[in-house]
$ cat run37.txt   # compact mmCIF, C-alpha atoms
# COMPACT_ATOMS: atom_id res chain seq x y z
CA MET G 1 113.26 104.36 62.53
CA THR G 2 116.00 104.61 59.89
CA VAL G 3 116.66 101.46 57.87
CA ARG G 4 119.21 100.75 55.13
CA GLN G 5 118.42 98.44 52.24
CA ARG G 6 120.73 97.57 49.36
CA THR G 7 120.16 99.20 45.95
CA GLY G 8 123.48 98.23 44.35
CA THR G 9 126.72 96.39 44.92
CA ALA G 10 128.66 97.68 47.90
CA PRO G 11 132.33 98.59 47.44
CA ARG G 12 134.87 96.20 48.94
CA PRO G 13 135.95 97.59 52.34
CA ALA G 14 139.36 97.84 53.88
CA LEU G 15 139.98 94.89 56.19
CA GLY G 16 138.19 95.30 59.53
CA SER G 17 136.40 98.57 58.74
CA PRO G 18 132.61 98.77 59.34
CA VAL G 19 130.56 99.49 56.23
CA ASP G 20 126.90 100.56 55.91
CA LEU G 21 125.30 98.81 52.95
CA GLY G 22 122.71 100.89 51.13
CA PRO G 23 120.56 104.07 51.34
CA GLU G 24 118.04 104.92 54.04
CA VAL G 25 114.36 103.94 54.13
CA THR G 26 111.98 104.70 56.99
CA THR G 27 109.43 102.36 58.54
CA ASP G 28 107.33 102.57 61.68
CA GLN G 29 107.86 99.09 63.11
CA ASP G 30 109.33 95.63 62.67
CA SER G 31 112.76 96.91 61.64
CA PHE G 32 116.00 95.18 62.60
CA ARG G 33 119.54 96.43 63.13
CA ILE G 34 121.72 93.63 61.74
CA LEU G 35 125.48 93.37 62.23
CA LEU G 36 127.25 91.00 59.85
CA VAL G 37 130.67 89.77 61.05
CA GLU G 38 132.24 88.03 58.08
CA ASP G 39 135.83 88.26 56.79
CA ASP G 40 135.01 86.95 53.32
CA ALA G 41 133.73 89.74 51.05
CA GLY G 42 132.01 87.26 48.73
CA ASP G 43 130.04 85.68 51.57
CA ALA G 44 129.18 89.16 52.88
CA LEU G 45 127.88 90.20 49.46
CA LEU G 46 125.79 87.02 49.31
CA VAL G 47 124.17 87.82 52.67
CA GLU G 48 123.49 91.37 51.47
CA GLU G 49 121.83 90.03 48.30
CA LEU G 50 119.71 87.56 50.27
CA LEU G 51 118.53 90.28 52.65
CA ALA G 52 117.68 92.54 49.72
CA ASP G 53 115.41 89.80 48.35
CA THR G 54 113.42 89.60 51.61
CA ALA G 55 110.61 91.82 52.88
CA LEU G 56 112.57 92.33 56.11
CA MET G 57 113.11 96.01 56.87
CA HIS G 58 116.61 96.36 58.23
CA THR G 59 119.84 98.25 58.72
CA LEU G 60 122.89 96.19 57.75
CA VAL G 61 126.42 96.94 58.95
CA TRP G 62 129.33 94.72 57.86
CA THR G 63 132.62 94.23 59.71
CA GLN G 64 135.37 91.75 58.94
CA THR G 65 136.79 91.24 62.44
CA LEU G 66 135.34 90.65 65.88
CA THR G 67 137.24 93.67 67.21
CA ALA G 68 135.53 95.94 64.69
CA ALA G 69 132.18 94.29 65.45
CA LEU G 70 132.54 94.98 69.16
CA ALA G 71 133.37 98.63 68.44
CA GLU G 72 130.29 98.92 66.22
CA ALA G 73 128.09 97.23 68.86
CA ARG G 74 129.27 99.73 71.45
CA ARG G 75 128.28 102.54 69.10
CA GLN G 76 124.79 101.12 68.51
CA THR G 77 123.54 97.82 69.91
CA PRO G 78 122.34 95.54 67.10
CA ASP G 79 119.18 93.45 67.26
CA CYS G 80 120.88 90.52 65.56
CA VAL G 81 124.49 89.54 64.77
CA LEU G 82 125.23 87.19 61.87
CA LEU G 83 128.55 85.73 63.01
CA ASP G 84 131.07 83.72 61.02
CA LEU G 85 132.97 81.34 63.31
CA HIS G 86 136.30 81.73 61.49
CA LEU G 87 137.57 85.29 61.81
CA PRO G 88 141.11 86.72 61.75
CA ASP G 89 140.93 87.61 65.45
CA ALA G 90 138.46 85.04 66.87
CA HIS G 91 137.53 81.45 66.27
CA GLY G 92 134.68 79.10 67.24
CA ILE G 93 132.78 79.20 70.51
CA ALA G 94 135.11 81.83 71.99
CA ALA G 95 133.78 84.38 69.48
CA ILE G 96 130.19 83.72 70.61
CA ARG G 97 131.07 84.09 74.28
CA THR G 98 132.97 87.33 73.67
CA LEU G 99 130.08 88.78 71.69
CA ASP G 100 127.51 87.62 74.23
CA ALA G 101 129.45 89.26 77.06
CA ALA G 102 129.59 92.55 75.15
CA CYS G 103 125.96 92.43 73.90
CA PRO G 104 123.98 90.25 76.33
CA HIS G 105 120.61 91.30 74.84
CA THR G 106 121.50 90.72 71.18
CA ALA G 107 120.43 87.65 69.24
CA VAL G 108 123.39 85.80 67.67
CA VAL G 109 122.96 83.66 64.54
CA VAL G 110 126.05 81.68 63.55
CA LEU G 111 127.15 81.18 59.92
CA THR G 112 128.80 77.78 59.37
CA GLY G 113 130.22 75.87 56.44
CA LEU G 114 128.64 72.76 54.95
CA ALA G 115 131.43 70.57 56.31
CA GLU G 116 130.92 71.82 59.86
CA SER G 117 128.14 69.39 60.74
CA THR G 118 128.28 69.89 64.51
CA ALA G 119 129.44 73.50 64.76
CA GLY G 120 125.94 74.96 64.56
CA ALA G 121 124.52 72.77 67.30
CA GLN G 122 127.52 73.53 69.52
CA ALA G 123 127.02 77.24 68.89
CA VAL G 124 123.37 77.08 69.96
CA ALA G 125 124.38 75.14 73.06
CA ASN G 126 126.81 77.94 73.93
CA GLY G 127 124.50 80.93 73.59
CA ALA G 128 123.64 81.43 69.92
CA GLN G 129 119.94 81.61 69.08
CA ASP G 130 120.27 79.73 65.76
CA TYR G 131 122.67 78.86 62.92
CA LEU G 132 122.69 78.92 59.13
CA VAL G 133 124.75 76.78 56.75
CA LYS G 134 126.41 78.83 54.03
CA GLY G 135 125.26 77.83 50.56
CA GLN G 136 121.94 76.49 51.86
CA VAL G 137 120.28 79.79 52.76
CA THR G 138 117.29 81.21 50.93
CA PRO G 139 115.90 84.73 51.41
CA ASP G 140 112.82 83.39 53.20
CA LEU G 141 114.92 81.20 55.49
CA LEU G 142 117.26 84.07 56.34
CA ALA G 143 114.41 86.46 57.15
CA ARG G 144 112.63 83.83 59.25
CA VAL G 145 115.75 82.91 61.23
CA ILE G 146 116.60 86.56 61.97
CA ARG G 147 113.04 87.39 63.00
CA TYR G 148 112.66 84.33 65.22
CA ALA G 149 116.11 84.75 66.76
CA VAL G 150 115.34 88.34 67.79
CA HIS G 151 111.94 87.39 69.16
CA ARG G 152 113.38 84.46 71.11
CA GLU G 153 116.03 86.74 72.58
CA LEU G 154 113.29 89.14 73.69
CA ALA G 155 111.33 86.23 75.19
CA ASP G 156 114.42 85.02 77.05
CA ARG G 157 114.98 88.53 78.39
CA ALA G 158 111.34 88.74 79.51
CA ALA G 159 111.69 85.38 81.27
CA VAL G 160 114.76 86.64 83.15
CA GLU G 161 112.92 89.82 84.17
CA LEU G 162 109.93 87.76 85.32
CA ARG G 163 112.20 85.57 87.44
CA GLU G 164 113.82 88.67 88.95
CA ASN G 165 110.39 90.15 89.67
CA ARG G 166 109.35 86.94 91.41
CA LEU G 167 112.50 87.02 93.54
CA HIS G 168 111.77 90.68 94.29
CA ALA G 169 108.20 89.78 95.33
CA SER G 170 109.52 86.96 97.51
CA GLU G 171 111.91 89.36 99.26
CA ASN G 172 109.03 91.76 99.81
CA ALA G 173 106.93 88.96 101.28
CA ARG G 174 109.70 88.07 103.73
CA LEU G 175 110.02 91.72 104.75
CA GLU G 176 106.26 91.95 105.15
CA ARG G 177 106.20 88.92 107.41
CA GLY G 178 108.86 90.61 109.53
CA LEU G 179 106.91 93.87 109.69
CA LEU G 180 103.52 92.23 110.24
CA PRO G 181 103.91 89.23 112.55
CA THR G 182 101.05 87.13 113.87
CA PRO G 183 99.63 88.74 117.06
CA LEU G 184 100.58 86.73 120.13
CA LEU G 185 97.30 86.67 122.07
CA ASN G 186 96.13 84.00 124.51
CA SER G 187 92.73 85.48 125.41
CA ASP G 188 89.63 85.93 123.26
CA ARG G 189 88.64 89.02 125.22
CA VAL G 190 90.98 91.11 123.05
CA THR G 191 91.21 91.01 119.27
CA ALA G 192 93.88 92.54 117.03
CA THR G 193 93.08 93.51 113.43
CA THR G 194 95.75 94.95 111.14
CA ARG G 195 96.23 96.39 107.67
CA TYR G 196 99.43 97.31 105.82
CA LEU G 197 99.85 98.90 102.38
CA PRO G 198 103.08 100.12 100.74
CA GLY G 199 102.89 103.70 99.54
CA ARG G 200 103.80 103.00 95.90
CA GLN G 201 103.05 100.10 93.61
CA ARG G 202 106.01 97.71 93.19
CA ALA G 203 107.97 99.66 95.82
CA LEU G 204 109.83 97.90 98.57
CA LEU G 205 108.03 98.00 101.84
CA GLY G 206 108.71 101.08 103.89
CA GLY G 207 109.54 101.22 107.55
CA ASP G 208 106.04 101.10 109.08
CA PHE G 209 105.82 98.31 111.65
CA LEU G 210 103.42 96.98 114.30
CA ASP G 211 103.08 94.13 116.75
CA VAL G 212 100.85 92.80 119.54
CA VAL G 213 101.72 90.38 122.38
CA GLN G 214 99.99 89.30 125.57
CA THR G 215 102.08 88.47 128.63
CA GLY G 216 101.37 85.93 131.34
CA ASP G 217 99.80 88.54 133.64
CA GLY G 218 96.99 89.07 131.09
CA LEU G 219 98.21 92.47 129.90
CA VAL G 220 98.12 93.14 126.17
CA HIS G 221 101.02 95.15 124.73
CA ALA G 222 101.04 96.81 121.32
CA VAL G 223 103.39 98.92 119.23
CA ILE G 224 103.04 100.81 115.99
CA GLY G 225 105.81 102.83 114.41
CA ASP G 226 107.12 104.52 111.29
CA VAL G 227 110.77 104.72 110.25
CA SER G 228 111.51 107.89 108.28
CA GLY G 229 111.88 107.30 104.54
CA HIS G 230 111.04 104.43 102.22
CA GLY G 231 112.94 101.47 100.84
CA PRO G 232 114.87 98.39 101.94
CA ASP G 233 117.00 100.15 104.57
CA GLU G 234 113.90 101.54 106.27
CA ALA G 235 112.08 98.21 106.01
CA ALA G 236 115.04 96.36 107.55
CA LEU G 237 115.25 98.87 110.38
CA GLY G 238 111.50 98.59 110.96
CA VAL G 239 111.79 94.80 111.22
CA SER G 240 114.70 95.17 113.64
CA LEU G 241 112.73 97.55 115.88
CA ARG G 242 109.64 95.33 115.79
CA ILE G 243 111.56 92.19 116.76
CA THR G 244 113.45 94.11 119.46
CA TRP G 245 110.18 95.44 120.88
CA ARG G 246 108.64 91.95 121.05
CA ALA G 247 111.68 90.40 122.72
CA LEU G 248 112.06 93.21 125.27
CA THR G 249 108.34 93.27 126.05
CA LEU G 250 108.21 89.53 126.68
CA ALA G 251 111.31 89.95 128.85
CA GLY G 252 109.44 92.42 131.10
CA HIS G 253 110.64 95.84 129.91
CA ARG G 254 108.01 98.58 129.95
CA GLY G 255 107.35 102.25 129.28
CA GLY G 256 110.21 104.74 129.02
CA GLU G 257 112.82 102.07 129.69
CA LEU G 258 111.55 100.07 126.73
CA LEU G 259 111.61 103.13 124.45
CA ASP G 260 115.15 103.94 125.57
CA LEU G 261 116.30 100.44 124.61
CA LEU G 262 114.51 100.70 121.26
CA GLU G 263 116.25 103.99 120.59
CA ARG G 264 119.64 102.49 121.38
CA VAL G 265 118.98 99.70 118.88
CA LEU G 266 117.83 102.21 116.26
CA VAL G 267 120.97 104.33 116.65
CA ALA G 268 123.16 101.24 116.41
CA GLU G 269 121.35 99.73 113.41
CA ARG G 270 120.47 102.73 111.25
CA PRO G 271 122.67 103.03 108.13
CA ARG G 272 122.35 106.84 108.06
CA PRO G 273 122.52 109.17 111.07
CA GLU G 274 119.52 111.23 109.95
CA MET G 275 117.13 108.27 110.18
CA PHE G 276 114.59 108.27 113.02
CA ALA G 277 111.35 106.54 113.94
CA THR G 278 108.07 107.58 115.51
CA ALA G 279 106.30 105.07 117.73
CA THR G 280 103.36 104.47 120.01
CA ILE G 281 103.57 101.77 122.68
CA LEU G 282 100.46 100.78 124.57
CA THR G 283 99.64 98.43 127.44
CA LEU G 284 96.01 97.32 127.75
CA ASP G 285 94.63 95.82 130.97
CA PRO G 286 91.37 94.10 129.96
CA ALA G 287 90.48 93.18 133.54
CA ALA G 288 90.86 96.72 134.91
CA GLY G 289 89.48 98.43 131.79
CA THR G 290 92.50 100.75 131.47
CA ALA G 291 95.35 101.40 129.06
CA THR G 292 98.70 103.14 129.36
CA VAL G 293 100.07 104.99 126.33
CA HIS G 294 103.55 106.32 125.52
CA LEU G 295 104.05 108.51 122.45
CA ALA G 296 107.48 108.95 120.82
CA GLY G 297 106.89 111.50 118.09
CA HIS G 298 103.70 109.72 117.06
CA HIS G 299 100.13 111.02 116.98
CA GLU G 300 97.39 110.05 119.45
CA ALA G 301 95.39 106.86 119.15
CA LEU G 302 91.65 106.99 118.48
CA LEU G 303 89.17 105.50 120.95
CA CYS G 304 86.24 103.95 119.08
CA ALA G 305 83.06 102.99 120.96
CA ASN G 306 79.31 102.98 120.28
CA GLY G 307 79.72 104.31 116.74
CA THR G 308 81.77 107.33 117.80
CA ALA G 309 85.48 108.07 117.89
CA ALA G 310 87.76 110.54 119.66
CA GLU G 311 91.45 111.17 120.04
CA VAL G 312 93.01 109.91 123.26
CA PRO G 313 94.81 112.93 124.83
CA SER G 314 98.35 111.73 125.54
CA ALA G 315 101.67 113.21 126.61
CA HIS G 316 104.00 113.65 123.65
CA GLY G 317 107.67 112.70 123.62
CA VAL G 318 110.46 113.02 121.08
CA ALA G 319 110.78 110.55 118.20
CA LEU G 320 113.37 107.80 118.55
CA GLY G 321 116.77 108.83 117.22
CA ILE G 322 116.07 112.58 117.04
CA ALA G 323 117.80 113.39 120.33
CA PRO G 324 119.33 110.15 121.64
CA GLY G 325 119.43 110.03 125.42
CA LEU G 326 116.79 112.75 126.02
CA ARG G 327 114.28 110.19 127.39
CA ASN G 328 111.31 112.58 127.75
CA TRP G 329 108.56 109.96 127.24
CA LYS G 330 105.74 110.17 129.78
CA PRO G 331 102.92 107.67 130.40
CA THR G 332 99.27 108.58 129.90
CA GLY G 333 96.56 106.53 131.63
CA VAL G 334 93.27 105.95 129.77
CA ALA G 335 89.97 104.68 131.19
CA LEU G 336 88.24 102.38 128.73
CA PRO G 337 84.54 101.61 128.18
CA ASP G 338 83.28 98.05 128.62
CA ARG G 339 83.30 97.49 124.87
CA GLY G 340 85.24 99.31 122.18
CA GLY G 341 88.57 99.58 120.42
CA LEU G 342 91.72 101.62 120.16
CA LEU G 343 92.82 102.53 116.64
CA LEU G 344 96.57 103.04 116.17
CA TYR G 345 97.76 104.14 112.72
CA THR G 346 100.66 105.66 110.83
CA ASP G 347 100.45 108.98 109.01
CA GLY G 348 100.03 107.28 105.64
CA LEU G 349 96.34 107.02 106.58
CA SER G 350 95.83 110.59 107.76
CA GLU G 351 98.23 112.82 105.79
CA GLY G 352 96.52 112.37 102.42
CA TYR G 353 94.26 115.04 100.99
CA ASN G 354 90.63 115.24 102.10
CA GLY G 355 89.20 115.83 98.64
CA PRO G 356 90.18 118.03 95.68
CA GLY G 357 91.35 121.01 97.78
CA ASP G 358 94.49 121.48 99.86
CA GLN G 359 93.02 120.27 103.15
CA ARG G 360 94.55 117.15 104.67
CA LEU G 361 92.44 114.38 106.16
CA ASN G 362 94.12 114.40 109.59
CA ALA G 363 92.56 112.93 112.74
CA ASP G 364 89.34 114.95 112.45
CA GLY G 365 88.73 113.54 108.99
CA LEU G 366 89.37 109.99 110.20
CA ILE G 367 86.93 110.46 113.06
CA ASP G 368 84.30 111.65 110.59
CA LEU G 369 84.92 108.61 108.38
CA ILE G 370 84.63 106.27 111.38
CA GLU G 371 81.36 107.80 112.54
CA ARG G 372 79.93 107.57 109.01
CA ALA G 373 81.12 104.01 108.37
CA PRO G 374 78.27 101.93 106.87
CA ASP G 375 79.20 98.66 108.64
CA PRO G 376 80.21 98.38 112.31
CA GLY G 377 82.47 95.31 111.75
CA VAL G 378 86.17 95.93 112.42
CA ASP G 379 87.39 94.45 109.13
CA GLN G 380 84.81 96.42 107.21
CA LEU G 381 85.72 99.57 109.15
CA LEU G 382 89.43 99.34 108.33
CA ASP G 383 88.75 98.60 104.66
CA HIS G 384 86.32 101.54 104.58
CA LEU G 385 88.92 103.88 106.07
CA ILE G 386 91.61 102.84 103.59
CA SER G 387 89.47 102.88 100.46
CA THR G 388 87.78 106.19 101.33
CA ALA G 389 91.05 107.87 102.28
CA GLN G 390 92.64 106.71 99.02
CA THR G 391 89.67 107.95 96.99
CA LEU G 392 89.78 111.37 98.66
CA ASN G 393 93.55 111.60 98.22
CA ALA G 394 93.36 110.61 94.52
CA GLY G 395 97.03 109.59 94.43
CA ARG G 396 98.40 113.03 95.34
CA HIS G 397 100.21 111.86 98.48
CA ALA G 398 102.06 108.52 98.62
CA ASP G 399 103.15 106.96 101.90
CA ASP G 400 103.18 103.58 103.58
CA LEU G 401 100.12 102.86 105.66
CA ALA G 402 99.73 100.68 108.75
CA ILE G 403 96.68 100.29 111.00
CA LEU G 404 96.27 98.36 114.25
CA HIS G 405 92.84 98.03 115.88
CA LEU G 406 92.73 96.56 119.41
CA GLY G 407 89.21 95.63 120.37
CA TRP G 408 87.87 94.28 123.69
CA SER G 409 84.62 93.14 125.20

$ encode --input "run37.txt" --output "structure tokens"
Amino acid sequence: MTVRQRTGTAPRPALGSPVDLGPEVTTDQDSFRILLVEDDAGDALLVEELLADTALMHTLVWTQTLTAALAEARRQTPDCVLLDLHLPDAHGIAAIRTLDAACPHTAVVVLTGLAESTAGAQAVANGAQDYLVKGQVTPDLLARVIRYAVHRELADRAAVELRENRLHASENARLERGLLPTPLLNSDRVTATTRYLPGRQRALLGGDFLDVVQTGDGLVHAVIGDVSGHGPDEAALGVSLRITWRALTLAGHRGGELLDLLERVLVAERPRPEMFATATILTLDPAAGTATVHLAGHHEALLCANGTAAEVPSAHGVALGIAPGLRNWKPTGVALPDRGGLLLYTDGLSEGYNGPGDQRLNADGLIDLIERAPDPGVDQLLDHLISTAQTLNAGRHADDLAILHLGWS
């Protein structure tokens, strides 16, 4: 980093013109870009002399008006501004506010006169980091005030970023609650176990969504889906589809009619016409030991029982929003064993790489992982699938991931 330190007396500048004071010296760290805004050449020379007597590595630029200072700050943002409160074109607190608006991440240290007993405190209350009284400044004091002012400004900025990150995390949590509601089950014969992971660290949740409800006739209804793309628009659309599915299902809508209504909501709510969603809807009858599956651009579910797994052959239909009004979704009936589970998942689980080569994991790879799972528990199984798939993928493919396991006995 280039730094200027004084080696001799600087020439007196023309009024308002920025002046660099001194030749260049290079240092690796702890250097400061200092902008002095002072209309009195004698006071400016005194500040230059004081800085030269410190061990503070710095670049010093002097201007005599606030207008010139703002122009210099636009050219290169200073770390610290030493600001006189009595300038030809600005006076008092207004100068601080103008400078703070132009350089919100720059530390401001005010220079006051001995007779201005309250001006320094008022300046700090209005945005300055500190103040110095002219005539009572030593080299050590000047260096310490500049260093601390810059560090406090950095700490304030970090605090603001932390607060923004916390708000961001809170928004994510609200989206997640919308995408992953509590299953609405009134029978212990069926259990629902879920997992959800965003595809990238610190990314907004994507559009994967799922839900489970049980109606008064004992039937258990489930949905899992994936809105194309990632980000807040996709997450909001996923929440909208999930809530719509729950409301329509509890109101008695089923099968192709339900998918048609979901598609109409998607088309009405999507912010971009190219957005679409894949989905699987499923109705499980625990008493009869059967399930009915509808696929809308989604892949087949996996039937897990007795330590084995297999895809459930199902009729495929078009994804929601691809061809609005086509309505080509067909039901597929499935006979279920007395004990087992249906695994519904989004492609974030299966589209990753199956090791160092170019082969994808896909359904066959998931089936192999299920059959080699070390622990038969559902929670352990889902965690095993996620951790193993992520290890095999090694970060080469990033996508949101949702899993829904419906088990019965």

$ atom_distance --input "run37.txt" --atom1 "CA of Thr215 in chain G" --atom2 "CA of Leu344 in chain G"
19.9 Å

$ atom_distance --input "run37.txt" --atom1 "CA of Gly225 in chain G" --atom2 "CA of Asp383 in chain G"
20.1 Å

$ residues_around --input "run37.txt" --residues "range 114-130 of chain G" --least-positions-apart "4" --cutoff "8 Å" --atoms "only C-alpha atoms" --output "VMD selection string"
chain G and resid 93 96 to 97 100 107 to 110 134 to 135 145 149 152 to 153

$ atom_distance --input "run37.txt" --atom1 "CA of Leu35 in chain G" --atom2 "CA of Ala95 in chain G"
14.2 Å

$ residues_near_point --input "run37.txt" --point "(112.3, 101.1, 105.0)" --cutoff "6 Å" --atoms "all atoms listed in the file" --output "PyMOL selection string"
chain G and resi 206-207+230-235
